[in-house]
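The file structure_39.pdb comes next; it holds PDB, C-alpha atoms and all ligand atoms.
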ATOM      1  CA  MET N   1     -14.452  -0.445  12.350  1.00  0.00           C
ATOM      2  CA  SER N   2     -10.830  -0.670  11.210  1.00  0.00           C
ATOM      3  CA  LYS N   3      -8.959   2.491  10.328  1.00  0.00           C
ATOM      4  CA  ILE N   4      -6.988   2.448   7.126  1.00  0.00           C
ATOM      5  CA  LEU N   5      -4.115   4.667   6.070  1.00  0.00           C
ATOM      6  CA  LEU N   6      -3.019   4.728   2.431  1.00  0.00           C
ATOM      7  CA  LEU N   7       0.340   6.286   1.644  1.00  0.00           C
ATOM      8  CA  LEU N   8       0.485   7.309  -1.994  1.00  0.00           C
ATOM      9  CA  ALA N   9       4.045   7.573  -3.315  1.00  0.00           C
ATOM     10  CA  HIS N  10       3.972   8.732  -6.928  1.00  0.00           C
ATOM     11  CA  PRO N  11       6.273  11.532  -8.166  1.00  0.00           C
ATOM     12  CA  ASP N  12       3.791  12.790 -10.781  1.00  0.00           C
ATOM     13  CA  ILE N  13       0.224  11.752  -9.982  1.00  0.00           C
ATOM     14  CA  GLU N  14      -1.213  14.279 -12.479  1.00  0.00           C
ATOM     15  CA  ASN N  15       0.272  12.299 -15.378  1.00  0.00           C
ATOM     16  CA  SER N  16      -0.351   8.883 -13.830  1.00  0.00           C
ATOM     17  CA  ILE N  17      -2.859   6.433 -15.241  1.00  0.00           C
ATOM     18  CA  GLY N  18      -2.573   3.462 -12.912  1.00  0.00           C
ATOM     19  CA  ASN N  19      -2.146   5.013  -9.498  1.00  0.00           C
ATOM     20  CA  LYS N  20      -4.509   7.896 -10.291  1.00  0.00           C
ATOM     21  CA  THR N  21      -7.247   5.441 -11.338  1.00  0.00           C
ATOM     22  CA  ILE N  22      -6.730   3.387  -8.184  1.00  0.00           C
ATOM     23  CA  ILE N  23      -6.787   6.392  -5.849  1.00  0.00           C
ATOM     24  CA  SER N  24      -9.852   7.919  -7.549  1.00  0.00           C
ATOM     25  CA  ALA N  25     -11.798   4.686  -7.025  1.00  0.00           C
ATOM     26  CA  LEU N  26     -11.053   4.767  -3.296  1.00  0.00           C
ATOM     27  CA  ASN N  27     -12.241   8.313  -2.652  1.00  0.00           C
ATOM     28  CA  THR N  28     -15.595   7.238  -1.239  1.00  0.00           C
ATOM     29  CA  VAL N  29     -14.323   4.494   1.091  1.00  0.00           C
ATOM     30  CA  ASN N  30     -15.158   5.065   4.759  1.00  0.00           C
ATOM     31  CA  ASN N  31     -12.411   5.070   7.380  1.00  0.00           C
ATOM     32  CA  LEU N  32      -9.717   5.495   4.736  1.00  0.00           C
ATOM     33  CA  THR N  33      -7.197   8.317   4.975  1.00  0.00           C
ATOM     34  CA  ILE N  34      -5.092   8.969   1.873  1.00  0.00           C
ATOM     35  CA  ARG N  35      -1.800  10.791   2.328  1.00  0.00           C
ATOM     36  CA  ASP N  36      -0.144  11.863  -0.919  1.00  0.00           C
ATOM     37  CA  LEU N  37       3.510  11.981   0.169  1.00  0.00           C
ATOM     38  CA  THR N  38       4.725  13.894  -2.901  1.00  0.00           C
ATOM     39  CA  ALA N  39       2.053  16.580  -2.492  1.00  0.00           C
ATOM     40  CA  LEU N  40       2.735  16.845   1.245  1.00  0.00           C
ATOM     41  CA  TYR N  41       6.532  16.844   0.925  1.00  0.00           C
ATOM     42  CA  PRO N  42       7.649  18.122  -2.498  1.00  0.00           C
ATOM     43  CA  ASP N  43      11.049  18.920  -0.963  1.00  0.00           C
ATOM     44  CA  PHE N  44      11.286  15.521   0.819  1.00  0.00           C
ATOM     45  CA  ASN N  45      11.183  17.292   4.177  1.00  0.00           C
ATOM     46  CA  ILE N  46       8.911  14.795   5.923  1.00  0.00           C
ATOM     47  CA  ASP N  47       6.955  15.920   8.988  1.00  0.00           C
ATOM     48  CA  VAL N  48       7.864  12.925  11.155  1.00  0.00           C
ATOM     49  CA  ASN N  49       5.428  13.839  13.923  1.00  0.00           C
ATOM     50  CA  ALA N  50       2.473  14.167  11.525  1.00  0.00           C
ATOM     51  CA  GLU N  51       3.326  10.863   9.841  1.00  0.00           C
ATOM     52  CA  GLN N  52       3.728   9.051  13.143  1.00  0.00           C
ATOM     53  CA  MET N  53       0.381  10.425  14.372  1.00  0.00           C
ATOM     54  CA  ALA N  54      -1.294   9.174  11.171  1.00  0.00           C
ATOM     55  CA  LEU N  55       0.385   5.767  11.589  1.00  0.00           C
ATOM     56  CA  ALA N  56      -0.575   5.492  15.240  1.00  0.00           C
ATOM     57  CA  LYS N  57      -4.276   5.765  14.360  1.00  0.00           C
ATOM     58  CA  ALA N  58      -4.185   3.141  11.573  1.00  0.00           C
ATOM     59  CA  ASP N  59      -4.943  -0.576  11.790  1.00  0.00           C
ATOM     60  CA  LEU N  60      -3.986  -1.215   8.162  1.00  0.00           C
ATOM     61  CA  ILE N  61      -1.272   0.658   6.264  1.00  0.00           C
ATOM     62  CA  ILE N  62      -1.374   0.495   2.473  1.00  0.00           C
ATOM     63  CA  LEU N  63       1.681   1.500   0.452  1.00  0.00           C
ATOM     64  CA  GLN N  64       0.424   2.539  -2.990  1.00  0.00           C
ATOM     65  CA  TYR N  65       3.131   3.140  -5.580  1.00  0.00           C
ATOM     66  CA  PRO N  66       4.569   2.337  -9.011  1.00  0.00           C
ATOM     67  CA  ILE N  67       7.630   0.066  -9.174  1.00  0.00           C
ATOM     68  CA  TYR N  68      10.582   2.114 -10.433  1.00  0.00           C
ATOM     69  CA  TRP N  69      13.806   0.296 -11.283  1.00  0.00           C
ATOM     70  CA  TYR N  70      12.694  -2.705  -9.239  1.00  0.00           C
ATOM     71  CA  ASN N  71      12.267  -0.463  -6.247  1.00  0.00           C
ATOM     72  CA  MET N  72      10.017   2.026  -4.470  1.00  0.00           C
ATOM     73  CA  PRO N  73       9.975   5.714  -5.464  1.00  0.00           C
ATOM     74  CA  PRO N  74      12.443   7.697  -3.323  1.00  0.00           C
ATOM     75  CA  ILE N  75       9.761   9.618  -1.354  1.00  0.00           C
ATOM     76  CA  LEU N  76       8.587   6.302   0.112  1.00  0.00           C
ATOM     77  CA  LYS N  77      12.127   5.255   1.017  1.00  0.00           C
ATOM     78  CA  GLN N  78      12.514   8.656   2.709  1.00  0.00           C
ATOM     79  CA  TRP N  79       9.293   7.965   4.626  1.00  0.00           C
ATOM     80  CA  PHE N  80      10.693   4.612   5.845  1.00  0.00           C
ATOM     81  CA  ASP N  81      14.010   6.203   6.814  1.00  0.00           C
ATOM     82  CA  LYS N  82      12.519   9.136   8.724  1.00  0.00           C
ATOM     83  CA  VAL N  83       9.248   7.873  10.190  1.00  0.00           C
ATOM     84  CA  LEU N  84      10.071   4.358  11.415  1.00  0.00           C
ATOM     85  CA  THR N  85      12.190   5.411  14.364  1.00  0.00           C
ATOM     86  CA  TYR N  86      13.406   3.460  17.380  1.00  0.00           C
ATOM     87  CA  GLY N  87      10.886   3.569  20.226  1.00  0.00           C
ATOM     88  CA  PHE N  88       8.044   4.264  17.783  1.00  0.00           C
ATOM     89  CA  ALA N  89       8.257   1.606  15.076  1.00  0.00           C
ATOM     90  CA  PHE N  90      10.571  -0.879  16.774  1.00  0.00           C
ATOM     91  CA  GLY N  91      12.249  -1.500  20.098  1.00  0.00           C
ATOM     92  CA  SER N  92      10.908  -0.555  23.493  1.00  0.00           C
ATOM     93  CA  GLY N  93       7.623   1.408  23.301  1.00  0.00           C
ATOM     94  CA  SER N  94       6.851   0.464  19.697  1.00  0.00           C
ATOM     95  CA  ILE N  95       3.232   1.006  18.702  1.00  0.00           C
ATOM     96  CA  MET N  96       3.318  -1.098  15.530  1.00  0.00           C
ATOM     97  CA  THR N  97       2.287  -4.484  16.917  1.00  0.00           C
ATOM     98  CA  HIS N  98      -1.239  -5.548  15.810  1.00  0.00           C
ATOM     99  CA  LYS N  99      -1.094  -3.370  12.701  1.00  0.00           C
ATOM    100  CA  SER N 100      -0.998  -4.777   9.170  1.00  0.00           C
ATOM    101  CA  ILE N 101       0.796  -3.549   6.066  1.00  0.00           C
ATOM    102  CA  LEU N 102      -0.057  -4.117   2.407  1.00  0.00           C
ATOM    103  CA  ALA N 103       1.997  -3.190  -0.664  1.00  0.00           C
ATOM    104  CA  SER N 104      -0.265  -2.208  -3.574  1.00  0.00           C
ATOM    105  CA  VAL N 105       1.938  -1.738  -6.618  1.00  0.00           C
ATOM    106  CA  THR N 106       1.691  -1.067 -10.329  1.00  0.00           C
ATOM    107  CA  LEU N 107       4.273  -2.376 -12.792  1.00  0.00           C
ATOM    108  CA  GLY N 108       4.952  -1.553 -16.414  1.00  0.00           C
ATOM    109  CA  SER N 109       6.197  -4.994 -17.438  1.00  0.00           C
ATOM    110  CA  PRO N 110       3.879  -7.930 -18.111  1.00  0.00           C
ATOM    111  CA  GLU N 111       3.198 -10.505 -15.402  1.00  0.00           C
ATOM    112  CA  SER N 112       5.377 -13.031 -17.275  1.00  0.00           C
ATOM    113  CA  SER N 113       8.423 -10.890 -16.428  1.00  0.00           C
ATOM    114  CA  TYR N 114       7.727 -11.482 -12.756  1.00  0.00           C
ATOM    115  CA  ALA N 115       7.294 -15.259 -12.816  1.00  0.00           C
ATOM    116  CA  ASP N 116       8.696 -17.577 -10.124  1.00  0.00           C
ATOM    117  CA  GLY N 117       8.214 -15.210  -7.185  1.00  0.00           C
ATOM    118  CA  GLU N 118      10.137 -12.277  -8.699  1.00  0.00           C
ATOM    119  CA  LEU N 119       7.739  -9.674  -7.273  1.00  0.00           C
ATOM    120  CA  GLU N 120       7.908 -11.249  -3.821  1.00  0.00           C
ATOM    121  CA  ARG N 121      11.710 -10.983  -4.038  1.00  0.00           C
ATOM    122  CA  LEU N 122      11.478  -7.305  -5.050  1.00  0.00           C
ATOM    123  CA  LEU N 123       9.255  -6.597  -2.074  1.00  0.00           C
ATOM    124  CA  LEU N 124      11.537  -8.371   0.421  1.00  0.00           C
ATOM    125  CA  PRO N 125      12.815  -5.107   1.961  1.00  0.00           C
ATOM    126  CA  ILE N 126       9.219  -4.182   2.823  1.00  0.00           C
ATOM    127  CA  GLN N 127       8.470  -7.640   4.164  1.00  0.00           C
ATOM    128  CA  ALA N 128      11.691  -7.684   6.203  1.00  0.00           C
ATOM    129  CA  SER N 129      10.976  -4.190   7.562  1.00  0.00           C
ATOM    130  CA  ALA N 130       7.451  -5.280   8.470  1.00  0.00           C
ATOM    131  CA  ASN N 131       8.826  -8.320  10.300  1.00  0.00           C
ATOM    132  CA  PHE N 132      11.388  -6.161  12.084  1.00  0.00           C
ATOM    133  CA  CYS N 133       8.623  -3.777  13.243  1.00  0.00           C
ATOM    134  CA  LYS N 134       6.325  -6.715  14.129  1.00  0.00           C
ATOM    135  CA  LEU N 135       3.791  -5.598  11.530  1.00  0.00           C
ATOM    136  CA  ASN N 136       1.572  -8.226   9.943  1.00  0.00           C
ATOM    137  CA  TYR N 137       2.754  -8.402   6.296  1.00  0.00           C
ATOM    138  CA  LEU N 138      -0.127  -9.066   3.891  1.00  0.00           C
ATOM    139  CA  LYS N 139      -0.011 -10.601   0.436  1.00  0.00           C
ATOM    140  CA  PRO N 140       0.649  -7.731  -2.002  1.00  0.00           C
ATOM    141  CA  ILE N 141      -1.804  -6.554  -4.643  1.00  0.00           C
ATOM    142  CA  ALA N 142      -0.093  -5.919  -7.977  1.00  0.00           C
ATOM    143  CA  SER N 143      -1.113  -5.024 -11.498  1.00  0.00           C
ATOM    144  CA  TYR N 144       1.146  -5.512 -14.475  1.00  0.00           C
ATOM    145  CA  GLY N 145       1.374  -3.924 -17.912  1.00  0.00           C
ATOM    146  CA  ILE N 146       0.536  -0.471 -16.546  1.00  0.00           C
ATOM    147  CA  TYR N 147       2.661   1.626 -18.826  1.00  0.00           C
ATOM    148  CA  TYR N 148       2.273   4.680 -20.967  1.00  0.00           C
ATOM    149  CA  MET N 149       4.807   6.108 -23.369  1.00  0.00           C
ATOM    150  CA  PRO N 150       3.642   9.572 -24.452  1.00  0.00           C
ATOM    151  CA  ASN N 151       6.582   9.932 -26.857  1.00  0.00           C
ATOM    152  CA  ARG N 152       5.586   6.750 -28.713  1.00  0.00           C
ATOM    153  CA  GLY N 153       2.570   8.380 -30.385  1.00  0.00           C
ATOM    154  CA  GLU N 154      -1.007   7.078 -30.167  1.00  0.00           C
ATOM    155  CA  MET N 155      -1.372   4.110 -27.860  1.00  0.00           C
ATOM    156  CA  ASP N 156      -4.450   2.069 -26.938  1.00  0.00           C
ATOM    157  CA  LEU N 157      -4.834   2.794 -23.258  1.00  0.00           C
ATOM    158  CA  LYS N 158      -7.948   0.646 -22.778  1.00  0.00           C
ATOM    159  CA  PRO N 159      -6.071  -2.447 -21.489  1.00  0.00           C
ATOM    160  CA  VAL N 160      -4.008  -0.268 -19.161  1.00  0.00           C
ATOM    161  CA  LEU N 161      -7.125   1.379 -17.744  1.00  0.00           C
ATOM    162  CA  ALA N 162      -8.921  -1.955 -17.442  1.00  0.00           C
ATOM    163  CA  SER N 163      -6.007  -3.407 -15.484  1.00  0.00           C
ATOM    164  CA  ALA N 164      -5.895  -0.359 -13.164  1.00  0.00           C
ATOM    165  CA  GLU N 165      -9.664  -0.519 -12.635  1.00  0.00           C
ATOM    166  CA  ALA N 166      -9.453  -4.231 -11.777  1.00  0.00           C
ATOM    167  CA  HIS N 167      -6.685  -3.414  -9.301  1.00  0.00           C
ATOM    168  CA  ALA N 168      -8.829  -0.657  -7.761  1.00  0.00           C
ATOM    169  CA  ALA N 169     -11.808  -3.016  -7.394  1.00  0.00           C
ATOM    170  CA  LYS N 170      -9.644  -5.684  -5.740  1.00  0.00           C
ATOM    171  CA  LEU N 171      -8.124  -3.180  -3.318  1.00  0.00           C
ATOM    172  CA  LYS N 172     -11.499  -1.627  -2.521  1.00  0.00           C
ATOM    173  CA  SER N 173     -12.991  -5.031  -1.771  1.00  0.00           C
ATOM    174  CA  PHE N 174      -9.972  -5.925   0.393  1.00  0.00           C
ATOM    175  CA  ILE N 175     -10.329  -2.688   2.377  1.00  0.00           C
ATOM    176  CA  THR N 176     -14.068  -3.092   2.816  1.00  0.00           C
ATOM    177  CA  ASN N 177     -13.679  -6.650   4.130  1.00  0.00           C
ATOM    178  CA  PHE N 178     -10.566  -6.006   6.212  1.00  0.00           C
ATOM    179  CA  LYS N 179     -10.905  -7.141   9.807  1.00  0.00           C
ATOM    180  CA  LEU N 180      -8.390  -6.876  12.599  1.00  0.00           C
ATOM    181  CA  ASN N 181      -6.727 -10.181  13.431  1.00  0.00           C
TER     182      ASN N 181
HETATM  183  C1  LIG N 201      11.800   5.622 -13.752  1.00  0.00           C
HETATM  184  C2  LIG N 201      10.922   4.448 -14.038  1.00  0.00           C
HETATM  185  C3  LIG N 201      11.355   3.183 -13.736  1.00  0.00           C
HETATM  186  C4  LIG N 201      10.538   2.068 -13.966  1.00  0.00           C
HETATM  187  N1  LIG N 201      10.977   0.821 -13.603  1.00  0.00           N
HETATM  188  C5  LIG N 201      10.153  -0.246 -13.772  1.00  0.00           C
HETATM  189  C6  LIG N 201      10.569  -1.543 -13.342  1.00  0.00           C
HETATM  190  O1  LIG N 201      11.631  -1.747 -12.770  1.00  0.00           O
HETATM  191  N2  LIG N 201       9.715  -2.576 -13.558  1.00  0.00           N
HETATM  192  C7  LIG N 201       8.499  -2.419 -14.163  1.00  0.00           C
HETATM  193  O2  LIG N 201       7.756  -3.395 -14.348  1.00  0.00           O
HETATM  194  N3  LIG N 201       8.078  -1.196 -14.564  1.00  0.00           N
HETATM  195  C8  LIG N 201       8.869  -0.113 -14.362  1.00  0.00           C
HETATM  196  N4  LIG N 201       8.453   1.141 -14.750  1.00  0.00           N
HETATM  197  C9  LIG N 201       7.072   1.314 -15.223  1.00  0.00           C
HETATM  198  C10 LIG N 201       6.204   1.810 -14.066  1.00  0.00           C
HETATM  199  O3  LIG N 201       6.073   0.824 -13.063  1.00  0.00           O
HETATM  200  C11 LIG N 201       4.848   2.233 -14.588  1.00  0.00           C
HETATM  201  O4  LIG N 201       5.080   3.348 -15.438  1.00  0.00           O
HETATM  202  C12 LIG N 201       3.899   2.609 -13.479  1.00  0.00           C
HETATM  203  O5  LIG N 201       3.575   1.494 -12.673  1.00  0.00           O
HETATM  204  C13 LIG N 201       2.642   3.191 -14.085  1.00  0.00           C
HETATM  205  O6  LIG N 201       1.845   3.742 -13.053  1.00  0.00           O
HETATM  206  P1  LIG N 201       1.209   5.188 -13.219  1.00  0.00           P
HETATM  207  O7  LIG N 201       0.314   5.159 -14.428  1.00  0.00           O
HETATM  208  O8  LIG N 201       0.453   5.418 -11.953  1.00  0.00           O
HETATM  209  O9  LIG N 201       2.352   6.162 -13.398  1.00  0.00           O
HETATM  210  C14 LIG N 201       9.258   2.255 -14.542  1.00  0.00           C
HETATM  211  C15 LIG N 201       8.844   3.543 -14.894  1.00  0.00           C
HETATM  212  C16 LIG N 201       9.645   4.628 -14.631  1.00  0.00           C
HETATM  213  C17 LIG N 201       9.151   6.013 -14.990  1.00  0.00           C
END
Please re-express this file's structure in structure tokens.
Ligand SMILES: Cc1cc2nc3c(=O)[nH]c(=O)nc-3n(C[C@H](O)[C@H](O)[C@H](O)COP(=O)(O)O)c2cc1C
Amino acid sequence: MSKILLLLAHPDIENSIGNKTIISALNTVNNLTIRDLTALYPDFNIDVNAEQMALAKADLIILQYPIYWYNMPPILKQWFDKVLTYGFAFGSGSIMTHKSILASVTLGSPESSYADGELERLLLPIQASANFCKLNYLKPIASYGIYYMPNRGEMDLKPVLASAEAHAAKLKSFITNFKLN
């Protein structure tokens, strides 16, 4: 059975709606390890050895995060910068070949704001990094309109929750059916 590693990169999961809903729905999935990067490394001091050991065991790596300013949250960028070293992630001795990577992202804006391949363009650094490391880059899973403005007073959160739950179901089904290529 395939081993799956999910890296959660959210700076404030307690106050999250989207990513918290998605992660909660995955708690019972077999062969899935969730690593909450913010909880593990609140000071950004990433344990490279621990992260590389977790990566080495995984067949599928899922990056779970909210899009912030058309980008990934800084803890995930730090993870890329520190963990994907020469001789481990690329170059001679790399262990990444045969693994797959999937970006699973939440976005505040509606889908119409990301028409004409805009999300694919935003995710190009991940796709290019995957190609560089000879990882199999999978089609991302995204949900739009996941936003919450506590300072805007009462807000109907039902559509937001429904969108996050649909995302969770899609991701769970993908994980359950994932087979090594
Ligand atoms: C600092 C910041 C920057 C954001 N930038 C974007 C953005 O560039 N595009 C977008 O669609 N949503 C953006 N959003 C909205 C977030 O993507 C949204 O709040 C998040 O996906 C909700 O997930 P959560 O409930 O797990 O926090 C931003 C939110 C914050 C706080």
For this session: Find the residues around Ile13 (chain N) up to 9 Å (only C-alpha atoms counted), leave out those fewer than 6 positions away in its own chain, and share them as a list in words.
Result: Asn19, Lys20 and Thr38 of chain N
Exercise. Separation of CA of Ala130 (chain N) and CA of Gly87 (chain N), in Å?
Worked result: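 Spanning CA of Ala130 (chain N) to CA of Gly87 (chain N) is a straight-line distance of 15.1 Å.
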Problem set entry | Long-range neighbours of Leu76 (chain N) as a PyMOL selection string, 9 Å cut-off, only C-alpha atoms, 2 positions minimum in chain | chain N and resi 7-10+37+63+65+72-74+78-81
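Counting only C-alpha atoms and all ligand atoms and comparing N:Ile17, N:Lys158, N:Asn49, N:Ser100, the residue that lies closest to ligand LIG 201 (chain N) is N:Ile17.
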Using only C-alpha atoms and all ligand atoms, find each residue in chain N having at least one atom no more than 8 Å away from ligand LIG 201 (chain N); report its shortest atom-to-atom pair and that distance in Å (one decimal), rows by chain then rising number, as a tab-separated table.
residue	atom	partner	partner_atom	distance
N:His10	CA	N:LIG201	O8	7.0
N:Asp12	CA	N:LIG201	O9	7.3
N:Ile13	CA	N:LIG201	O8	6.6
N:Asn15	CA	N:LIG201	O9	6.8
N:Ser16	CA	N:LIG201	O7	3.8
N:Ile17	CA	N:LIG201	O7	3.5
N:Gly18	CA	N:LIG201	O7	3.7
N:Asn19	CA	N:LIG201	O8	3.6
N:Lys20	CA	N:LIG201	O8	5.8
N:Thr21	CA	N:LIG201	O8	7.7
N:Tyr65	CA	N:LIG201	O8	7.3
N:Pro66	CA	N:LIG201	O5	3.9
N:Ile67	CA	N:LIG201	O3	4.3
N:Tyr68	CA	N:LIG201	N1	3.4
N:Trp69	CA	N:LIG201	O1	3.3
N:Tyr70	CA	N:LIG201	O1	3.8
N:Asn71	CA	N:LIG201	O1	6.7
N:Val105	CA	N:LIG201	O5	7.1
N:Thr106	CA	N:LIG201	O5	4.0
N:Leu107	CA	N:LIG201	O3	3.7
N:Gly108	CA	N:LIG201	N3	3.6
N:Ser109	CA	N:LIG201	O2	3.8
N:Pro110	CA	N:LIG201	O2	7.1
N:Ser113	CA	N:LIG201	O2	7.8
N:Tyr144	CA	N:LIG201	O2	6.9
N:Gly145	CA	N:LIG201	O2	7.3
N:Ile146	CA	N:LIG201	C13	4.9
N:Tyr147	CA	N:LIG201	O4	4.5
N:Tyr148	CA	N:LIG201	O4	6.3
Problem set entry | Residues within 12 Å of Gln127 (chain N), all atoms listed in the file, excluding chain neighbours under 4 positions, as a list of chain:residue names | N:Leu63, N:Ser100, N:Ile101, N:Leu102, N:Ala103, N:Leu119, N:Glu120, N:Arg121, N:Leu122, N:Leu123, N:Asn131, N:Phe132, N:Cys133, N:Lys134, N:Leu135, N:Asn136, N:Tyr137, N:Leu138, N:Lys139, N:Pro140
For this session: Translate the PyMOL selection byres (((chain N and resi 24-36) around 12) and not hetatm), as applied to the file shown, into an explicit residue set as a count of residues only.
Result: 60
Problem set entry | Atomic separation - CA of Leu180 (chain N) relative to CA of Gly91 (chain N), Å | 22.6 Å
Problem set entry | Using all atoms listed in the file: which of N:Ala115, N:Val48, N:Ile141, N:Ala56 has the shortest distance to Thr85 (chain N) |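 Among N:Ala115, N:Val48, N:Ile141, N:Ala56, it is N:Val48 that comes nearest to Thr85 (chain N).
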For this session: State, in Å with one decimal place, the distance from CA of Ala128 (chain N) to CA of Asp47 (chain N).
Result: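 The value is 24.2 Å.
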Only C-alpha atoms, as a compact mmCIF listing (two decimals), in the first residue's frame: that is what I want for region 46-96 of chain N.
# COMPACT_ATOMS: atom_id res chain seq x y z
CA ILE N 46 13.37 23.07 10.42
CA ASP N 47 14.78 19.69 11.46
CA VAL N 48 16.17 18.77 8.03
CA ASN N 49 17.01 15.20 9.02
CA ALA N 50 13.51 14.51 10.38
CA GLU N 51 11.89 16.00 7.28
CA GLN N 52 14.13 14.05 4.92
CA MET N 53 13.38 10.81 6.80
CA ALA N 54 9.64 11.50 6.48
CA LEU N 55 10.07 12.26 2.76
CA ALA N 56 12.15 9.16 2.14
CA LYS N 57 9.32 6.92 3.37
CA ALA N 58 6.59 8.59 1.26
CA ASP N 59 5.31 7.60 -2.17
CA LEU N 60 3.00 10.62 -2.43
CA ILE N 61 3.72 14.04 -0.95
CA ILE N 62 0.77 16.39 -0.48
CA LEU N 63 1.38 20.09 0.11
CA GLN N 64 -1.69 21.42 1.94
CA TYR N 65 -1.84 25.20 2.31
CA PRO N 66 -3.75 28.44 1.76
CA ILE N 67 -2.61 30.71 -1.09
CA TYR N 68 -1.23 33.92 0.41
CA TRP N 69 -0.39 36.79 -1.93
CA TYR N 70 -0.32 34.41 -4.88
CA ASN N 71 2.25 32.33 -3.10
CA MET N 72 2.88 29.65 -0.48
CA PRO N 73 3.08 30.53 3.23
CA PRO N 74 6.71 31.18 4.25
CA ILE N 75 7.07 28.01 6.39
CA LEU N 76 6.58 25.93 3.23
CA LYS N 77 9.13 27.97 1.29
CA GLN N 78 11.53 27.43 4.21
CA TRP N 79 10.83 23.69 3.97
CA PHE N 80 11.71 23.73 0.24
CA ASP N 81 14.87 25.75 0.87
CA LYS N 82 16.17 23.60 3.73
CA VAL N 83 14.95 20.07 3.01
CA LEU N 84 15.44 19.66 -0.74
CA THR N 85 19.22 19.45 -0.67
CA TYR N 86 21.70 18.30 -3.29
CA GLY N 87 22.33 14.56 -3.07
CA PHE N 88 18.96 14.01 -1.38
CA ALA N 89 16.36 15.72 -3.56
CA PHE N 90 18.38 16.21 -6.73
CA GLY N 91 21.73 15.31 -8.23
CA SER N 92 23.71 12.17 -7.55
CA GLY N 93 22.09 9.93 -4.90
CA SER N 94 18.67 11.59 -5.06
CA ILE N 95 15.87 9.51 -3.57
CA MET N 96 12.99 11.46 -5.12
